[in-house]
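See structure below.
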Amino acid sequence: MHRGLVADLKLTVDTSTSDERAAVDAVISPDDHAVIHETERLVRGGTERRRDRRHLLLPGLHALQATAGWISPGGMNYLCAALQVPPAEAFGVASFYELFRTDDPGHDQSVHHVCMDTSCHIAGAEEFAQQLESEGKQVHRGPCLGQCERAPARFVQGRNEPDHVPADVPDELFVLPQRAADPDVELRLLQRLGVVDPTSLSSYREHGGYVALARAVEIGPQAVIDAVRAAGLSGRGGAAFPTAIKWQGVADEQGRPKHVIANADESEPGTFKDRHLMEHDPFSLIEGLTLAGLATGAENGWIYIRGEYPLATRRLANAIEQCRTAGLLGADVLGSGHRFDIELRRGAGAYICGEETALMESMAGFRGEPRNKPPFPSTHGLFGEPTAVNNPETLLNALVIVEHGPESFRRVGTEQSPGTRLFCLSGHVATPGVYEVPMGTTLGAVIDLAGGATGTTRAILMGGAAGSFIGADQLDMPLTQGDTRERGTTLGSGVITLFDDSVDFTSLVLRIAEFFKGESCGQCVPCRVGVVRQHEVLVEMSANGGALRNDRNTLIDDMAVAMADASICGLGHTASGAVQSAIRLGLIGSAT
Amino acid sequence: MTKTDDHAETVTQVTVTIDGTDVTVDDGDTILDACNAHGVDTPTICYAENLTPVNVCRVCVVEVEGNRTLVPSCSRPVEEGMEIQTDSERVRHSRKMVLEFLGSGVDLSQATEINEYSARYGADLSRYGDDRQVIDEPILIQDELYIRDYDKCVLCYQCVSACGDDAQHTFAISVAGRGFDNRISTEFDAALPDSACVYCGNCVAVCPTGALQFKSEFDLRQADNWREEDQTVTTTVCSYCGVGCNLELHVQDNEIVKVTSPVDHSVTHGNLCIKGRFGYTYVGN
């Protein structure tokens with residue numbers, strides 16, 4: 001496609017309010033506008049400029065939503081005129097996201113988003129939502145909010161108040177569960193959590209910050225990539241792709257602007273590790289991303305953080321500012337002669353935007369629809385330019401490798417899966433939270449670390465909604481890529497959710513199916529329709545007292561094969577995994 | 001090396017295997033191009049030869065050795081030595097399911113080609129519950145030129161591409177919403193006459209299911225008097241300006257009922273403007 005060729009904008013007659021104009025102007029300065037006057041359309045750099053500014057659409061929509069409580073036709077017109085985006089396209093983008101409304105809410109209150117997924121589902125999410133409603137609050141039942149350790153979770157989308165999470169605690173009260181259990185525990189990725197002041201660069205440096213980057217500047221980009229390769233680091237976001245291959249691919253691309261992106265759109269139900277890292281050690285992500293920029297030769301860093309993480313967003317924004325002031329971001333990073341800066345972008349509520357190509361579409365101001373691969377991001381990424389997308393945990397691992405060397409990194413973990421891994425424990429476990437253990441630690445040992453199961457475990461959901469259920473007989477399973485695959489499950493993004501024998505699995509799995517129905521982007525047929533039909537079969541099963549007819553079981557399998565084989569992206573590929581595993585384990589399907 | 005049609009000798013050739021047979025095609029061609037050139041009939045819905053492939057319908061998927069999932073033949077370029085299966089059990093299964101999925105949610109009564117595919121792959125709609133979710137929306141008639149019947153829409157994106165950067169650059173419509181609720185829409189569902197629409201009709205021309213129809217055709221169908229078998233098609237040149245667009249006048253009972261342009265025409269690539277598309281009533285005056 002030849003995106004960005006100029007369109008003759010035709011706006012509707014709706015006009016914006018002064019509040020809406022002020023909100024848009026606050027995020028899109030007059031210098032960012034694609035035009036100066038209507039009579040001088042596109043005088044500033046013409047179509048090129050319009051292409052360049054499209055990525056400001058998402059921040060502009062956020063500003064409108066926060067001000068008016070919805071994206072009004074008039075407000076959108078103002079934004080579209082500033083950026084020269086056709087209003088139909090902007091509407092297509094606005095209507096894609098959970099956190100944007102395109103109809104007048106008819107009230108001016110904050111909206112309380114209540115998570116209805118896995119851990120929250122069994123922790124009384126529906127009762128919690130009803131209680132909030134009875135208090136007269138505006139409630140929106142929705143997908144996972146990444147706070148599974150304190151289920152049932154809530155995120156407040158502010159109106160005349162900032163977005164916030166009522167359950168957030170002051171820093172001085174935050175204690176890492178793993179350290180509380182064992183004050184002497186040696187941690188790599190979590191070493192600074194609860195120790196460092198997350199708002200202070202000097203505190204970060206006192207606790208070992210920027211030692212790794214200084215080392216990277218000293219040894220140079222290729223040595224950094226070589227070290228990461230020698231360490232055998234693979235991605236921690238779920239796909240487990242070798243990080244060095246990704247970085248080398250971008251490093252080898254010359255002559256075009258390049259990008260590194262931290263994929264902080266952590267949305268897999270049951271995952272909350274990156275939120276912990278960003279809230280309590282935000283500078284480490286800045287340093288890690290800067291390291292990736294140095295290694296790949298990219299000058300543009302981006303953090304795409306999910307919209308439901310207001311505290312982490314504030315912490316990162318503050319960290320970026322402090323690093324700029326200190327010369328750790330900007331024209332000459334740490335005196336290396338390398339230019340690198342970071343822009344922070346908020347998602348707006350879309351699980352699919354955690355898929356790297358959807359993330360880049362979203363960031364560029366388009367609907368968060370995944371692309372077909374190939375071509376791959378290392379050659380055709382953000383704005384069609386070479387891009388490496390990494391999970392925050394992966395970037396922190398790279399810091400560890402550069403600082404201490406690949407041999408030291410490999411001292412823990414297994415030969416095939418070296419290093420440590422963060423696991424997010426929630427559900428029926430004594431002390432839910434994030435735990436760091438060497439790869440290859442058994443599932444049972446990790447659960448013990450979290451204080452053990454609180455009841456008789458009936459099933460464990462590995463890898464979140466996109467993963468699969470396993471039985472309590474799998475506690476001896478070593479947590480590595482290979483071992484989990486061998487047993488037909490996955491590590492995914494490190495989700496371990498426990499369910500005891502009191503759980504109504506029909507209701508739980510129905511909710512998982514509903515999650516996928518709500519989160520499919522709808523671009524490709526197998527996923528768009530498949531997730532709806534799968535949900536319908538489970539609704540019917542539920543209505544039949546939980547009994548699944550044979551022909552229905554066949555239909556589920558038939559649909560699962562087509563979704564896994566023919567969908568564009570991982571969402572469709574994995575949308576049946578939890579359902580099928582629940583049937584296999586006898587958690588659902590037989591009448592009660 | 002770049003492909004230049006005028007200098008065939010500069011085109012690099014690659015050899016791939018399709019269903020066990022070696023075939024040689026130009027570098028840069030897609031798997032679908034290779035299939036078409038060698039008589040392997042491949043179903044397509046969202047693909048059109050005058051639009052950039054969007055690979056969303058997934059009915060053209062094929063199996064390529066070494067790929068974990070099936071790949072869309074419409075957009076995947078051939079590579080030397082590729083081993084392609086177009087009729088394996090896996091391929092037939094996914095094609096069948098895609099056709100079942102479409103048929104289970106959308107009115108395909110006027111989608112002749114899709115119905116032929118459904119018969120070929122044995123799509124069985126009877127196994128989907130009667131109370132299943134389907135697209136159910138009122139027909140939009142907002143002017144004298146088009147109608148929009150989204151019950152028939154398979155969300156192939158072709159109208160969006162034609163209105164946007166593949167042809168018209170008007171950007172009056174987009175996919176809006178998410179998931180099964182996706183709809184083709186103007187901004188805030190504004191009526192077409194209030195939108196950026198310039199009534200070129202290029203969206204209607206590419207619609208594969210009759211979700212978008214010229215009002216003239218729609219009215220005749222409503223009156224049960226749309227008789228394609230009785231229609232003649234006369235090719236002429238548009239008389240409005242000097243571009244020289246070819247017009248195909250579809251005539252029934254001595255009246256023009258539809259105007260199209262050949263997709264392979266070097267000037268139009270199937271596209272017209274409002275004058276060529278609709279400015280024909282004077283002929284009958």
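The way I read the labels, and the way they are meant: chains A, B, ... in the order of the structure tokens, residue 1 as the first residue of every chain, and ligand 1 as the first ligand shown, with later ones counted on from there.
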Check: Counting only C-alpha atoms, which residues of chain A come no farther than 6 Å from chain B, as a PyMOL selection string?
Finding: chain A and resi 7+10+87-89+91-92+95-96+520-522+524-526+528-529+562+565-566
Please save N, CA and C atoms of the selected residues as a short mmCIF file (atom, residue, chain, number, x, y, z; two decimals), in the first residue's frame.
data_model
loop_
_atom_site.label_atom_id
_atom_site.label_comp_id
_atom_site.auth_asym_id
_atom_site.auth_seq_id
_atom_site.Cartn_x
_atom_site.Cartn_y
_atom_site.Cartn_z
N ALA A 7 -5.08 12.88 0.80
CA ALA A 7 -6.52 12.78 0.60
C ALA A 7 -7.12 14.17 0.64
N LYS A 10 -12.57 15.83 3.83
CA LYS A 10 -13.87 16.46 3.96
C LYS A 10 -14.37 16.16 5.36
N PRO A 87 -11.35 11.57 8.24
CA PRO A 87 -12.14 11.24 9.43
C PRO A 87 -12.65 9.80 9.46
N ALA A 88 -12.92 9.22 8.32
CA ALA A 88 -13.38 7.82 8.33
C ALA A 88 -12.28 6.91 8.89
N GLU A 89 -11.04 7.20 8.52
CA GLU A 89 -9.93 6.39 9.05
C GLU A 89 -9.74 6.62 10.54
N PHE A 91 -12.02 7.44 12.62
CA PHE A 91 -13.13 6.76 13.28
C PHE A 91 -12.85 5.26 13.36
N GLY A 92 -12.30 4.71 12.29
CA GLY A 92 -11.92 3.30 12.29
C GLY A 92 -10.92 2.99 13.40
N SER A 95 -12.72 3.57 17.02
CA SER A 95 -13.71 2.55 17.37
C SER A 95 -13.07 1.18 17.61
N PHE A 96 -11.76 1.10 17.45
CA PHE A 96 -11.05 -0.18 17.62
C PHE A 96 -10.74 -0.47 19.08
N SER A 520 -10.42 -10.47 19.42
CA SER A 520 -10.03 -10.69 18.02
C SER A 520 -10.20 -9.36 17.28
N CYS A 521 -9.21 -9.02 16.47
CA CYS A 521 -9.31 -7.73 15.77
C CYS A 521 -10.34 -7.81 14.65
N GLY A 522 -10.62 -9.03 14.19
CA GLY A 522 -11.65 -9.20 13.16
C GLY A 522 -11.16 -9.08 11.74
N CYS A 524 -9.04 -11.20 9.89
CA CYS A 524 -9.10 -12.41 9.05
C CYS A 524 -10.30 -13.28 9.45
N VAL A 525 -10.83 -13.98 8.47
CA VAL A 525 -12.08 -14.72 8.66
C VAL A 525 -11.96 -15.84 9.72
N PRO A 526 -10.91 -16.68 9.68
CA PRO A 526 -10.89 -17.80 10.62
C PRO A 526 -11.01 -17.35 12.08
N ARG A 528 -11.96 -14.10 13.16
CA ARG A 528 -13.13 -13.24 13.40
C ARG A 528 -14.38 -14.05 13.67
N VAL A 529 -14.61 -15.08 12.87
CA VAL A 529 -15.81 -15.89 13.04
C VAL A 529 -15.55 -17.06 13.97
N ALA A 562 -8.45 -24.92 11.87
CA ALA A 562 -8.48 -23.83 10.87
C ALA A 562 -7.95 -22.53 11.46
N ASP A 565 -4.21 -22.89 11.70
CA ASP A 565 -3.53 -23.02 10.41
C ASP A 565 -3.66 -21.77 9.54
N ALA A 566 -4.81 -21.13 9.58
CA ALA A 566 -5.11 -20.12 8.56
C ALA A 566 -5.24 -18.69 9.07
#
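Near region 214-219 of chain A, within a cut-off of 7 Å and counting only C-alpha atoms, sit the residues Tyr210, Val211, Ala223, Val224, Ser336, Val402 and Glu403 of chain A, with same-chain residues fewer than 3 positions away left out.
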Check: Neighbours of Thr21 (chain B) within 10 Å (only C-alpha atoms; same-chain residues fewer than 4 positions away dropped), as a list of chain:residue names?
Finding: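 Counting only C-alpha atoms, the residues come to B:Val16, B:Thr17, B:His38, B:Glu83, B:Ile84.
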Same residues, C-alpha atoms, saved as an mmCIF file, in the first residue's frame:
data_model
loop_
_atom_site.group_PDB
_atom_site.id
_atom_site.type_symbol
_atom_site.label_atom_id
_atom_site.label_comp_id
_atom_site.auth_asym_id
_atom_site.auth_seq_id
_atom_site.Cartn_x
_atom_site.Cartn_y
_atom_site.Cartn_z
ATOM 1 C CA VAL B 16 8.893 -23.790 -7.506
ATOM 2 C CA THR B 17 7.003 -27.040 -7.082
ATOM 3 C CA HIS B 38 -0.169 -23.114 -14.432
ATOM 4 C CA GLU B 83 7.402 -26.647 -2.327
ATOM 5 C CA ILE B 84 3.722 -25.789 -2.457
#
Notebook entry, point to check: How would you write, as a VMD selection string, the set of residues in region 71-277 of chain B that DSSP gives as strand (DSSP E)?
Noted result: chain B and resid 71 to 72 83 to 85 146 to 148 174 to 176 183 to 185 212 to 214 232 to 237 246 to 252 255 to 260
Keeping only N, CA and C atoms, write the selected residues to a file as an mmCIF file, in the first residue's frame.
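Output file result-v9.cif is given in full below:
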data_model
loop_
_atom_site.group_PDB
_atom_site.id
_atom_site.type_symbol
_atom_site.label_atom_id
_atom_site.label_comp_id
_atom_site.auth_asym_id
_atom_site.auth_seq_id
_atom_site.Cartn_x
_atom_site.Cartn_y
_atom_site.Cartn_z
ATOM 1 N N VAL B 71 -0.052 -20.485 4.295
ATOM 2 C CA VAL B 71 0.288 -19.122 3.878
ATOM 3 C C VAL B 71 -0.701 -18.653 2.812
ATOM 4 N N PRO B 72 -1.010 -17.360 2.823
ATOM 5 C CA PRO B 72 -1.932 -16.829 1.815
ATOM 6 C C PRO B 72 -1.231 -16.731 0.459
ATOM 7 N N GLU B 83 8.266 -25.488 -2.048
ATOM 8 C CA GLU B 83 7.402 -26.647 -2.327
ATOM 9 C C GLU B 83 6.006 -26.335 -1.819
ATOM 10 N N ILE B 84 5.067 -26.279 -2.758
ATOM 11 C CA ILE B 84 3.722 -25.789 -2.457
ATOM 12 C C ILE B 84 2.686 -26.891 -2.657
ATOM 13 N N GLN B 85 1.812 -27.051 -1.671
ATOM 14 C CA GLN B 85 0.684 -27.982 -1.798
ATOM 15 C C GLN B 85 -0.593 -27.158 -1.826
ATOM 16 N N TYR B 146 -26.273 4.428 -4.954
ATOM 17 C CA TYR B 146 -25.817 3.179 -4.326
ATOM 18 C C TYR B 146 -26.831 2.679 -3.317
ATOM 19 N N ILE B 147 -26.702 1.397 -2.998
ATOM 20 C CA ILE B 147 -27.285 0.889 -1.749
ATOM 21 C C ILE B 147 -26.178 0.114 -1.031
ATOM 22 N N ARG B 148 -26.294 0.034 0.295
ATOM 23 C CA ARG B 148 -25.334 -0.757 1.077
ATOM 24 C C ARG B 148 -26.114 -1.750 1.935
ATOM 25 N N SER B 174 -13.979 3.216 6.008
ATOM 26 C CA SER B 174 -12.930 2.466 6.682
ATOM 27 C C SER B 174 -13.588 1.294 7.388
ATOM 28 N N VAL B 175 -12.774 0.331 7.796
ATOM 29 C CA VAL B 175 -13.294 -0.686 8.704
ATOM 30 C C VAL B 175 -13.350 -0.046 10.079
ATOM 31 N N ALA B 176 -14.493 -0.150 10.744
ATOM 32 C CA ALA B 176 -14.648 0.412 12.087
ATOM 33 C C ALA B 176 -15.095 -0.691 13.031
ATOM 34 N N ARG B 183 -17.445 -3.263 10.922
ATOM 35 C CA ARG B 183 -18.328 -2.865 9.828
ATOM 36 C C ARG B 183 -17.580 -1.873 8.948
ATOM 37 N N ILE B 184 -17.950 -1.849 7.682
ATOM 38 C CA ILE B 184 -17.443 -0.806 6.816
ATOM 39 C C ILE B 184 -18.266 0.440 7.109
ATOM 40 N N SER B 185 -17.589 1.549 7.361
ATOM 41 C CA SER B 185 -18.332 2.705 7.858
ATOM 42 C C SER B 185 -17.678 4.018 7.449
ATOM 43 N N LEU B 212 -22.531 -4.051 -1.719
ATOM 44 C CA LEU B 212 -22.632 -2.730 -2.333
ATOM 45 C C LEU B 212 -23.220 -2.940 -3.724
ATOM 46 N N GLN B 213 -24.267 -2.199 -4.027
ATOM 47 C CA GLN B 213 -24.896 -2.344 -5.337
ATOM 48 C C GLN B 213 -25.272 -0.990 -5.895
ATOM 49 N N PHE B 214 -25.205 -0.918 -7.227
ATOM 50 C CA PHE B 214 -25.776 0.261 -7.871
ATOM 51 C C PHE B 214 -27.282 0.212 -7.642
ATOM 52 N N THR B 232 -26.893 -7.442 -22.529
ATOM 53 C CA THR B 232 -25.755 -7.353 -23.445
ATOM 54 C C THR B 232 -24.758 -6.372 -22.855
ATOM 55 N N VAL B 233 -23.492 -6.547 -23.205
ATOM 56 C CA VAL B 233 -22.462 -5.634 -22.736
ATOM 57 C C VAL B 233 -21.799 -4.983 -23.946
ATOM 58 N N THR B 234 -21.887 -3.656 -24.018
ATOM 59 C CA THR B 234 -21.294 -2.927 -25.130
ATOM 60 C C THR B 234 -20.118 -2.107 -24.624
ATOM 61 N N THR B 235 -18.980 -2.265 -25.267
ATOM 62 C CA THR B 235 -17.807 -1.502 -24.853
ATOM 63 C C THR B 235 -17.718 -0.216 -25.664
ATOM 64 N N THR B 236 -17.480 0.873 -24.981
ATOM 65 C CA THR B 236 -17.342 2.155 -25.660
ATOM 66 C C THR B 236 -16.332 2.995 -24.895
ATOM 67 N N VAL B 237 -16.119 4.217 -25.368
ATOM 68 C CA VAL B 237 -15.184 5.108 -24.686
ATOM 69 C C VAL B 237 -15.973 6.250 -24.077
ATOM 70 N N ASN B 246 -12.388 3.295 -20.919
ATOM 71 C CA ASN B 246 -13.317 2.357 -21.540
ATOM 72 C C ASN B 246 -14.518 2.141 -20.626
ATOM 73 N N LEU B 247 -15.682 2.144 -21.236
ATOM 74 C CA LEU B 247 -16.907 1.855 -20.492
ATOM 75 C C LEU B 247 -17.508 0.564 -21.029
ATOM 76 N N GLU B 248 -18.065 -0.230 -20.135
ATOM 77 C CA GLU B 248 -18.866 -1.382 -20.539
ATOM 78 C C GLU B 248 -20.303 -1.086 -20.125
ATOM 79 N N LEU B 249 -21.163 -0.920 -21.124
ATOM 80 C CA LEU B 249 -22.564 -0.607 -20.838
ATOM 81 C C LEU B 249 -23.354 -1.910 -20.760
ATOM 82 N N HIS B 250 -23.867 -2.167 -19.573
ATOM 83 C CA HIS B 250 -24.688 -3.372 -19.391
ATOM 84 C C HIS B 250 -26.138 -2.973 -19.694
ATOM 85 N N VAL B 251 -26.703 -3.598 -20.709
ATOM 86 C CA VAL B 251 -28.022 -3.180 -21.201
ATOM 87 C C VAL B 251 -29.027 -4.318 -21.058
ATOM 88 N N GLN B 252 -30.147 -3.960 -20.454
ATOM 89 C CA GLN B 252 -31.245 -4.922 -20.331
ATOM 90 C C GLN B 252 -32.522 -4.228 -20.794
ATOM 91 N N GLU B 255 -32.207 -0.693 -21.990
ATOM 92 C CA GLU B 255 -31.840 0.390 -21.075
ATOM 93 C C GLU B 255 -30.524 0.053 -20.396
ATOM 94 N N ILE B 256 -29.706 1.097 -20.199
ATOM 95 C CA ILE B 256 -28.451 0.867 -19.480
ATOM 96 C C ILE B 256 -28.793 0.642 -18.011
ATOM 97 N N VAL B 257 -28.324 -0.499 -17.474
ATOM 98 C CA VAL B 257 -28.627 -0.812 -16.073
ATOM 99 C C VAL B 257 -27.383 -0.788 -15.190
ATOM 100 N N LYS B 258 -26.215 -0.748 -15.815
ATOM 101 C CA LYS B 258 -24.973 -0.732 -15.027
ATOM 102 C C LYS B 258 -23.832 -0.343 -15.954
ATOM 103 N N VAL B 259 -22.840 0.377 -15.401
ATOM 104 C CA VAL B 259 -21.654 0.713 -16.190
ATOM 105 C C VAL B 259 -20.411 0.243 -15.431
ATOM 106 N N THR B 260 -19.588 -0.508 -16.107
ATOM 107 C CA THR B 260 -18.325 -0.940 -15.513
ATOM 108 C C THR B 260 -17.199 -0.605 -16.476
#
Taking 2 positions as the minimum chain separation for residues in the same chain, which residues sit within 12 Å of region 107-111 of chain B when counting only C-alpha atoms? Answer as a PDB file with N, CA and C atoms, in the first residue's frame.
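This went into around30.pdb:
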ATOM      1  N   ILE B  45     -11.319 -14.568  -2.463  1.00  0.00           N
ATOM      2  CA  ILE B  45     -12.471 -13.703  -2.165  1.00  0.00           C
ATOM      3  C   ILE B  45     -12.019 -12.262  -2.003  1.00  0.00           C
ATOM      4  N   LEU B  99     -15.070 -21.021   4.417  1.00  0.00           N
ATOM      5  CA  LEU B  99     -16.335 -20.892   3.678  1.00  0.00           C
ATOM      6  C   LEU B  99     -17.530 -21.154   4.591  1.00  0.00           C
ATOM      7  N   GLU B 100     -17.372 -22.093   5.519  1.00  0.00           N
ATOM      8  CA  GLU B 100     -18.451 -22.322   6.491  1.00  0.00           C
ATOM      9  C   GLU B 100     -18.623 -21.090   7.374  1.00  0.00           C
ATOM     10  N   PHE B 101     -17.501 -20.536   7.817  1.00  0.00           N
ATOM     11  CA  PHE B 101     -17.565 -19.360   8.696  1.00  0.00           C
ATOM     12  C   PHE B 101     -18.272 -18.203   7.994  1.00  0.00           C
ATOM     13  N   LEU B 102     -17.929 -17.977   6.733  1.00  0.00           N
ATOM     14  CA  LEU B 102     -18.568 -16.874   6.010  1.00  0.00           C
ATOM     15  C   LEU B 102     -20.051 -17.165   5.819  1.00  0.00           C
ATOM     16  N   GLY B 103     -20.355 -18.374   5.371  1.00  0.00           N
ATOM     17  CA  GLY B 103     -21.754 -18.723   5.108  1.00  0.00           C
ATOM     18  C   GLY B 103     -22.606 -18.715   6.359  1.00  0.00           C
ATOM     19  N   SER B 104     -21.957 -18.949   7.530  1.00  0.00           N
ATOM     20  CA  SER B 104     -22.739 -19.041   8.769  1.00  0.00           C
ATOM     21  C   SER B 104     -23.099 -17.675   9.326  1.00  0.00           C
ATOM     22  N   GLY B 105     -22.485 -16.615   8.794  1.00  0.00           N
ATOM     23  CA  GLY B 105     -22.754 -15.314   9.395  1.00  0.00           C
ATOM     24  C   GLY B 105     -23.251 -14.259   8.430  1.00  0.00           C
ATOM     25  N   GLU B 113     -19.779 -16.830  -6.919  1.00  0.00           N
ATOM     26  CA  GLU B 113     -18.476 -17.487  -6.910  1.00  0.00           C
ATOM     27  C   GLU B 113     -18.189 -18.158  -5.562  1.00  0.00           C
ATOM     28  N   ILE B 114     -18.514 -17.453  -4.476  1.00  0.00           N
ATOM     29  CA  ILE B 114     -18.263 -18.022  -3.151  1.00  0.00           C
ATOM     30  C   ILE B 114     -19.102 -19.280  -2.963  1.00  0.00           C
ATOM     31  N   ASN B 115     -20.333 -19.252  -3.464  1.00  0.00           N
ATOM     32  CA  ASN B 115     -21.185 -20.435  -3.339  1.00  0.00           C
ATOM     33  C   ASN B 115     -20.626 -21.620  -4.125  1.00  0.00           C
ATOM     34  N   GLU B 116     -20.003 -21.329  -5.256  1.00  0.00           N
ATOM     35  CA  GLU B 116     -19.348 -22.412  -5.999  1.00  0.00           C
ATOM     36  C   GLU B 116     -18.198 -23.016  -5.189  1.00  0.00           C
ATOM     37  N   TYR B 117     -17.427 -22.154  -4.552  1.00  0.00           N
ATOM     38  CA  TYR B 117     -16.334 -22.667  -3.705  1.00  0.00           C
ATOM     39  C   TYR B 117     -16.905 -23.523  -2.572  1.00  0.00           C
ATOM     40  N   SER B 118     -17.978 -23.018  -1.950  1.00  0.00           N
ATOM     41  CA  SER B 118     -18.563 -23.737  -0.808  1.00  0.00           C
ATOM     42  C   SER B 118     -18.978 -25.142  -1.218  1.00  0.00           C
ATOM     43  N   VAL B 134     -25.417 -13.642  13.571  1.00  0.00           N
ATOM     44  CA  VAL B 134     -25.241 -13.312  12.151  1.00  0.00           C
ATOM     45  C   VAL B 134     -25.241 -11.794  12.009  1.00  0.00           C
ATOM     46  N   ILE B 135     -24.782 -11.339  10.868  1.00  0.00           N
ATOM     47  CA  ILE B 135     -24.845  -9.902  10.616  1.00  0.00           C
ATOM     48  C   ILE B 135     -26.280  -9.572  10.214  1.00  0.00           C
ATOM     49  N   ASP B 136     -26.883  -8.639  10.926  1.00  0.00           N
ATOM     50  CA  ASP B 136     -28.287  -8.316  10.679  1.00  0.00           C
ATOM     51  C   ASP B 136     -28.466  -6.802  10.790  1.00  0.00           C
ATOM     52  N   GLU B 137     -28.411  -6.150   9.651  1.00  0.00           N
ATOM     53  CA  GLU B 137     -28.491  -4.691   9.653  1.00  0.00           C
ATOM     54  C   GLU B 137     -29.452  -4.225   8.573  1.00  0.00           C
ATOM     55  N   ASP B 149     -25.862  -3.025   1.716  1.00  0.00           N
ATOM     56  CA  ASP B 149     -26.560  -4.093   2.431  1.00  0.00           C
ATOM     57  C   ASP B 149     -25.509  -4.914   3.172  1.00  0.00           C
ATOM     58  N   TYR B 150     -25.163  -4.467   4.387  1.00  0.00           N
ATOM     59  CA  TYR B 150     -24.027  -5.070   5.084  1.00  0.00           C
ATOM     60  C   TYR B 150     -24.300  -6.478   5.595  1.00  0.00           C
ATOM     61  N   ASP B 151     -25.546  -6.952   5.496  1.00  0.00           N
ATOM     62  CA  ASP B 151     -25.786  -8.368   5.802  1.00  0.00           C
ATOM     63  C   ASP B 151     -25.005  -9.257   4.842  1.00  0.00           C
ATOM     64  N   LYS B 152     -24.653  -8.687   3.698  1.00  0.00           N
ATOM     65  CA  LYS B 152     -23.949  -9.474   2.685  1.00  0.00           C
ATOM     66  C   LYS B 152     -22.432  -9.243   2.725  1.00  0.00           C
ATOM     67  N   CYS B 153     -21.976  -8.420   3.652  1.00  0.00           N
ATOM     68  CA  CYS B 153     -20.567  -8.013   3.637  1.00  0.00           C
ATOM     69  C   CYS B 153     -19.672  -9.070   4.273  1.00  0.00           C
ATOM     70  N   VAL B 154     -18.638  -9.504   3.559  1.00  0.00           N
ATOM     71  CA  VAL B 154     -17.672 -10.473   4.092  1.00  0.00           C
ATOM     72  C   VAL B 154     -16.413  -9.782   4.604  1.00  0.00           C
ATOM     73  N   CYS B 207     -16.960  -5.001  -5.129  1.00  0.00           N
ATOM     74  CA  CYS B 207     -17.644  -5.791  -4.093  1.00  0.00           C
ATOM     75  C   CYS B 207     -17.988  -7.186  -4.628  1.00  0.00           C
ATOM     76  N   PRO B 208     -17.541  -8.253  -3.922  1.00  0.00           N
ATOM     77  CA  PRO B 208     -17.756  -9.606  -4.449  1.00  0.00           C
ATOM     78  C   PRO B 208     -19.080 -10.250  -4.038  1.00  0.00           C
ATOM     79  N   THR B 209     -19.874  -9.575  -3.214  1.00  0.00           N
ATOM     80  CA  THR B 209     -21.055 -10.259  -2.673  1.00  0.00           C
ATOM     81  C   THR B 209     -22.368  -9.536  -2.895  1.00  0.00           C
ATOM     82  N   GLY B 210     -22.329  -8.362  -3.505  1.00  0.00           N
ATOM     83  CA  GLY B 210     -23.560  -7.596  -3.658  1.00  0.00           C
ATOM     84  C   GLY B 210     -23.918  -6.789  -2.422  1.00  0.00           C
ATOM     85  N   ALA B 211     -22.996  -6.695  -1.465  1.00  0.00           N
ATOM     86  CA  ALA B 211     -23.253  -5.851  -0.298  1.00  0.00           C
ATOM     87  C   ALA B 211     -23.330  -4.391  -0.726  1.00  0.00           C
ATOM     88  N   LEU B 212     -22.531  -4.051  -1.719  1.00  0.00           N
ATOM     89  CA  LEU B 212     -22.632  -2.730  -2.333  1.00  0.00           C
ATOM     90  C   LEU B 212     -23.220  -2.940  -3.724  1.00  0.00           C
ATOM     91  N   GLN B 213     -24.267  -2.199  -4.027  1.00  0.00           N
ATOM     92  CA  GLN B 213     -24.896  -2.344  -5.337  1.00  0.00           C
ATOM     93  C   GLN B 213     -25.272  -0.990  -5.895  1.00  0.00           C
ATOM     94  N   PHE B 218     -30.081  -2.819  -7.843  1.00  0.00           N
ATOM     95  CA  PHE B 218     -30.848  -3.172  -6.650  1.00  0.00           C
ATOM     96  C   PHE B 218     -32.354  -3.102  -6.923  1.00  0.00           C
ATOM     97  N   ARG B 221     -33.461  -5.983  -8.998  1.00  0.00           N
ATOM     98  CA  ARG B 221     -33.468  -7.225  -8.204  1.00  0.00           C
ATOM     99  C   ARG B 221     -34.679  -7.257  -7.270  1.00  0.00           C
ATOM    100  N   TRP B 226     -34.000  -8.616 -12.452  1.00  0.00           N
ATOM    101  CA  TRP B 226     -32.573  -8.514 -12.815  1.00  0.00           C
ATOM    102  C   TRP B 226     -32.220  -9.788 -13.568  1.00  0.00           C
TER     103      TRP B 226
END
Notebook entry, point to check: Near Lys273 (chain A), within 12 Å and counting only C-alpha atoms, which residues show up once chain neighbours fewer than 5 positions away are dropped, as a ChimeraX atom specification?
Noted result: /A:146-149,176,189-190,193,236-237,264-268,278-281,312,391-394,421-426,432-436,493-496
Checklist line | Coordinates-based distance that separates CA of Gly297 (chain A) from CA of Gly381 (chain A) (Å, one decimal) | finding: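 Between CA of Gly381 (chain A) and CA of Gly297 (chain A) the gap works out to 14.7 Å.
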